[in-house]
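Down below is the structure, laid out as structure tokens.
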Amino acid sequence: MTVLNADQYSQEELLQRLNSADEREIEVINLCGQRYIGCGWQQKKSLILKGTAGNNLGAFAAGPEIMLYGNCQEGVANTMSEGRIIVHGRAGDIAGYAMRGGELFIRDDAGYRLGIHMKAYQDKKPLIVVGGSTGAFTGEYMAGGTIVILGLNRDQELVGKYCGTGLYAGSIYLRGDYPLKNLAPSVEAQVMEPDRLGELEQALEDFALYFGYSLNFIRQEPFTRLTRKSDRPFASLYTGFVS
């Protein structure tokens with residue numbers, strides 16, 4: 001395994017070393033805001049990062065597994081179509097923007113506009129699981145995929161305002177109590193039966209495994225599934241619309 005010390009390289013030099021490395025497993029230590037790491041990677045490589053990753057970690061990636069021991073800034077998994085990113089910390093704004101596939105696991109909180117413009121196509125179904133809480137506009141304009149917000153050890157509201165605004169495909173799952181006032185009026189909320197969590201089962205198992213949680217503890221709170229309320233989620237925005 002190749003180990004790179006980010007302190008010893010400029011932004012451009014570090015990216016060049018990472019992109020040209022032939023090893024299947026690479027570790028980078030002392031990260032301090034370097035951007036575009038793993039951006040556009042098509043290889044099924046394993047990347048271990050220690051420190052704080054900058055913007056667009058794993059953007060446009062299609063294959064790698066990235067394990068980050070620290071926080072990441074904006075745009076993690078931006079337009080990712082395949083692969084897995086596991087963040088042992090928190091994520092900034094627009095995490096999972098326009099994801100088309102792959103998986104993003106965040107141990108702690110995420111910022112504003114998590115998973116906006118996510119979409120699914122054929123066998124590609126993106127997944128985001130957040131262990132803490134999220135900011136406003138979570139799942140805005142979602143067109144497919146799954147977002148799960150667990151609210152573990154949180155000290156603030158589970159989701160910010162306008163959650164699910166413009167959602168017209170896919171699902172958002174909320175664990176435990178959530179502020180009803182922060183849900184978009186165009187979404188429908190359904191409490192899930194504990195023994196019928198369906199597509200959530202594997203996601204919860206993976207989250208518990210990655211971050212050392214008890215699966216039984218996670219399942220102690222009920223889950224609410226948010227989906228679109230109608231086929232015309234934007235109908236109320238246009239004057240003169242007749243249903």
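Going through the structure tokens in order, the chains are called A, B, and so on, while each chain numbers its residues from 1 and the ligands are numbered from 1 in the order shown.
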
When you look at Thr79 (chain A) with a cut-off of 9 Å (counting only C-alpha atoms), what residues show up, excluding the ones that are within fewer than 5 positions of it in the same chain? I need them as a PDB file with C-alpha atoms, in the first residue's frame.
```
ATOM      1  CA  GLY A  58     -15.106  11.669  -5.059  1.00  0.00           C
ATOM      2  CA  ALA A  59     -16.977  13.879  -7.502  1.00  0.00           C
ATOM      3  CA  PHE A  60     -17.950  12.129 -10.762  1.00  0.00           C
ATOM      4  CA  ALA A  61     -16.424   8.900  -9.437  1.00  0.00           C
ATOM      5  CA  GLY A  96     -24.424  13.821  -2.749  1.00  0.00           C
ATOM      6  CA  TYR A  97     -25.450  16.483  -5.253  1.00  0.00           C
ATOM      7  CA  ALA A  98     -26.980  14.816  -8.357  1.00  0.00           C
ATOM      8  CA  MET A  99     -25.759  11.352  -7.357  1.00  0.00           C
ATOM      9  CA  ARG A 100     -26.675   8.785 -10.022  1.00  0.00           C
ATOM     10  CA  GLY A 101     -25.523   5.692  -8.142  1.00  0.00           C
ATOM     11  CA  MET A 118     -30.399  12.771  -6.909  1.00  0.00           C
TER      12      MET A 118
END
```

List the neighbours of region 168-184 of chain A out to 7 Å using only C-alpha atoms; skip same-chain residues closer than 4 positions along the sequence, and give me the result as a PyMOL selection string. chain A and resi 141-151+157-164+221-228+233

Nearest to Met1 (chain A) among A:Ser81, A:Leu104, A:Phe217, A:Glu25, with distances taken over only C-alpha atoms: which residue is it? A:Glu25

Please indicate the distance in Å from CA of Glu74 (chain A) to CA of Ala208 (chain A), rounded to one decimal place.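 Separation between CA of Glu74 (chain A) and CA of Ala208 (chain A): 24.5 Å.
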
In terms of only C-alpha atoms, the residue from A:Leu68, A:Ala77, A:Ile106, A:Leu209 at minimal distance from Pro126 (chain A) is A:Ala77

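You will find CA of Glu193 (chain A) at 25.7 Å from CA of Asp109 (chain A).
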
Skipping near chain neighbours, those fewer than 2 positions away, what residues fall within 12 Å of Ser10 (chain A) using only C-alpha atoms, listed as JSON, numbers by chain? {"A": [5, 6, 7, 8, 12, 13, 14, 15, 16, 17, 31, 32, 33, 34, 35]}

Please dump the current selection as a compact mmCIF listing (two decimals), in the first residue's frame; keep all heavy atoms.
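Final output, saved to result-v3.txt:
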```txt
# COMPACT_ATOMS: atom_id res chain seq x y z
N ASN A 5 2.05 11.60 2.31
CA ASN A 5 1.88 12.65 3.31
C ASN A 5 1.51 13.93 2.58
O ASN A 5 2.31 14.51 1.86
CB ASN A 5 3.18 12.84 4.09
CG ASN A 5 3.02 13.81 5.25
OD1 ASN A 5 2.07 14.58 5.31
ND2 ASN A 5 3.96 13.77 6.17
N ALA A 6 0.27 14.38 2.78
CA ALA A 6 -0.22 15.54 2.05
C ALA A 6 0.58 16.80 2.35
O ALA A 6 0.62 17.73 1.52
CB ALA A 6 -1.70 15.77 2.39
N ASP A 7 1.24 16.86 3.49
CA ASP A 7 2.06 18.02 3.83
C ASP A 7 3.22 18.22 2.86
O ASP A 7 3.75 19.33 2.73
CB ASP A 7 2.64 17.86 5.25
CG ASP A 7 1.61 18.17 6.33
OD1 ASP A 7 0.58 18.78 6.01
OD2 ASP A 7 1.84 17.78 7.49
N GLN A 8 3.62 17.17 2.19
CA GLN A 8 4.81 17.23 1.35
C GLN A 8 4.51 17.60 -0.09
O GLN A 8 5.44 17.68 -0.91
CB GLN A 8 5.52 15.87 1.40
CG GLN A 8 5.99 15.47 2.78
CD GLN A 8 6.62 14.09 2.80
OE1 GLN A 8 6.62 13.37 1.80
NE2 GLN A 8 7.17 13.71 3.95
N GLU A 12 -1.77 20.38 -6.65
CA GLU A 12 -1.63 19.75 -7.96
C GLU A 12 -0.74 18.51 -7.89
O GLU A 12 -1.03 17.48 -8.52
CB GLU A 12 -1.06 20.75 -8.97
CG GLU A 12 -1.99 21.91 -9.31
CD GLU A 12 -2.06 22.96 -8.20
OE1 GLU A 12 -1.19 22.93 -7.30
OE2 GLU A 12 -2.98 23.79 -8.24
N GLU A 13 0.34 18.59 -7.13
CA GLU A 13 1.26 17.45 -7.02
C GLU A 13 0.59 16.26 -6.36
O GLU A 13 0.78 15.11 -6.78
CB GLU A 13 2.50 17.86 -6.24
CG GLU A 13 3.41 18.83 -6.97
CD GLU A 13 4.51 19.36 -6.08
OE1 GLU A 13 4.36 19.32 -4.83
OE2 GLU A 13 5.54 19.83 -6.62
N LEU A 14 -0.21 16.52 -5.34
CA LEU A 14 -0.89 15.42 -4.65
C LEU A 14 -1.87 14.72 -5.59
O LEU A 14 -1.91 13.48 -5.65
CB LEU A 14 -1.64 15.95 -3.42
CG LEU A 14 -2.41 14.90 -2.63
CD1 LEU A 14 -1.46 13.84 -2.06
CD2 LEU A 14 -3.20 15.56 -1.50
N LEU A 15 -2.63 15.49 -6.34
CA LEU A 15 -3.57 14.89 -7.29
C LEU A 15 -2.84 14.08 -8.35
O LEU A 15 -3.29 12.99 -8.75
CB LEU A 15 -4.43 15.96 -7.94
CG LEU A 15 -5.41 16.70 -7.02
CD1 LEU A 15 -6.21 17.72 -7.81
CD2 LEU A 15 -6.34 15.71 -6.32
N GLN A 16 -1.72 14.59 -8.83
CA GLN A 16 -0.95 13.86 -9.83
C GLN A 16 -0.45 12.53 -9.28
O GLN A 16 -0.51 11.50 -9.97
CB GLN A 16 0.23 14.72 -10.30
CG GLN A 16 -0.18 15.91 -11.17
CD GLN A 16 0.99 16.81 -11.51
OE1 GLN A 16 2.12 16.57 -11.10
NE2 GLN A 16 0.71 17.86 -12.27
N ARG A 17 0.04 12.52 -8.04
CA ARG A 17 0.54 11.29 -7.45
C ARG A 17 -0.60 10.28 -7.27
O ARG A 17 -0.44 9.09 -7.53
CB ARG A 17 1.18 11.59 -6.08
CG ARG A 17 2.50 12.33 -6.17
CD ARG A 17 3.59 11.47 -6.83
NE ARG A 17 3.79 10.19 -6.15
CZ ARG A 17 4.65 10.00 -5.17
NH1 ARG A 17 5.39 11.01 -4.72
NH2 ARG A 17 4.80 8.79 -4.64
N LEU A 31 -4.27 15.35 5.58
CA LEU A 31 -5.07 16.16 4.67
C LEU A 31 -5.52 17.44 5.37
O LEU A 31 -5.88 17.42 6.55
CB LEU A 31 -6.31 15.40 4.22
CG LEU A 31 -6.22 14.52 2.98
CD1 LEU A 31 -7.57 13.85 2.72
CD2 LEU A 31 -5.77 15.30 1.76
N CYS A 32 -5.52 18.54 4.63
CA CYS A 32 -5.95 19.82 5.21
C CYS A 32 -6.64 20.66 4.13
O CYS A 32 -6.13 21.68 3.69
CB CYS A 32 -4.75 20.56 5.79
SG CYS A 32 -5.23 22.02 6.76
N GLY A 33 -7.79 20.16 3.67
CA GLY A 33 -8.61 20.91 2.72
C GLY A 33 -8.25 20.73 1.26
O GLY A 33 -8.78 21.46 0.41
N GLN A 34 -7.41 19.77 0.92
CA GLN A 34 -7.10 19.53 -0.49
C GLN A 34 -8.37 19.09 -1.24
O GLN A 34 -9.12 18.25 -0.77
CB GLN A 34 -6.00 18.48 -0.64
CG GLN A 34 -4.62 18.99 -0.27
CD GLN A 34 -4.31 18.87 1.20
OE1 GLN A 34 -5.19 18.60 2.01
NE2 GLN A 34 -3.05 19.05 1.58
N ARG A 35 -8.56 19.65 -2.42
CA ARG A 35 -9.79 19.45 -3.18
C ARG A 35 -9.65 18.37 -4.25
O ARG A 35 -8.55 17.99 -4.62
CB ARG A 35 -10.21 20.77 -3.86
CG ARG A 35 -10.27 21.94 -2.91
CD ARG A 35 -10.63 23.25 -3.61
NE ARG A 35 -9.66 23.61 -4.67
CZ ARG A 35 -8.50 24.20 -4.45
NH1 ARG A 35 -8.12 24.48 -3.21
NH2 ARG A 35 -7.70 24.51 -5.45
```

Between CA of Ile94 (chain A) and CA of Gly75 (chain A), measure the distance and give it in Å to one decimal. 5.1 Å

I need the residue nearest Arg107 (chain A) from this list: A:Lys44, A:Tyr213, A:Asn55, A:Lys125. Use only C-alpha atoms for the distance.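 Comparing A:Lys44, A:Tyr213, A:Asn55, A:Lys125 against Arg107 (chain A), the winner is A:Tyr213.
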
Strand (DSSP E) positions in region 14-242 of chain A, given as a ChimeraX atom specification: /A:25-32,46-52,62-69,82-87,103-106,127-130,143-149,169-175,187-191,223-228

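Of the listed residues A:Ala136, A:Ile66, A:Ala120, A:Ala189, the one whose atoms come nearest to His88 (chain A) is A:Ile66, with distances taken using only C-alpha atoms.
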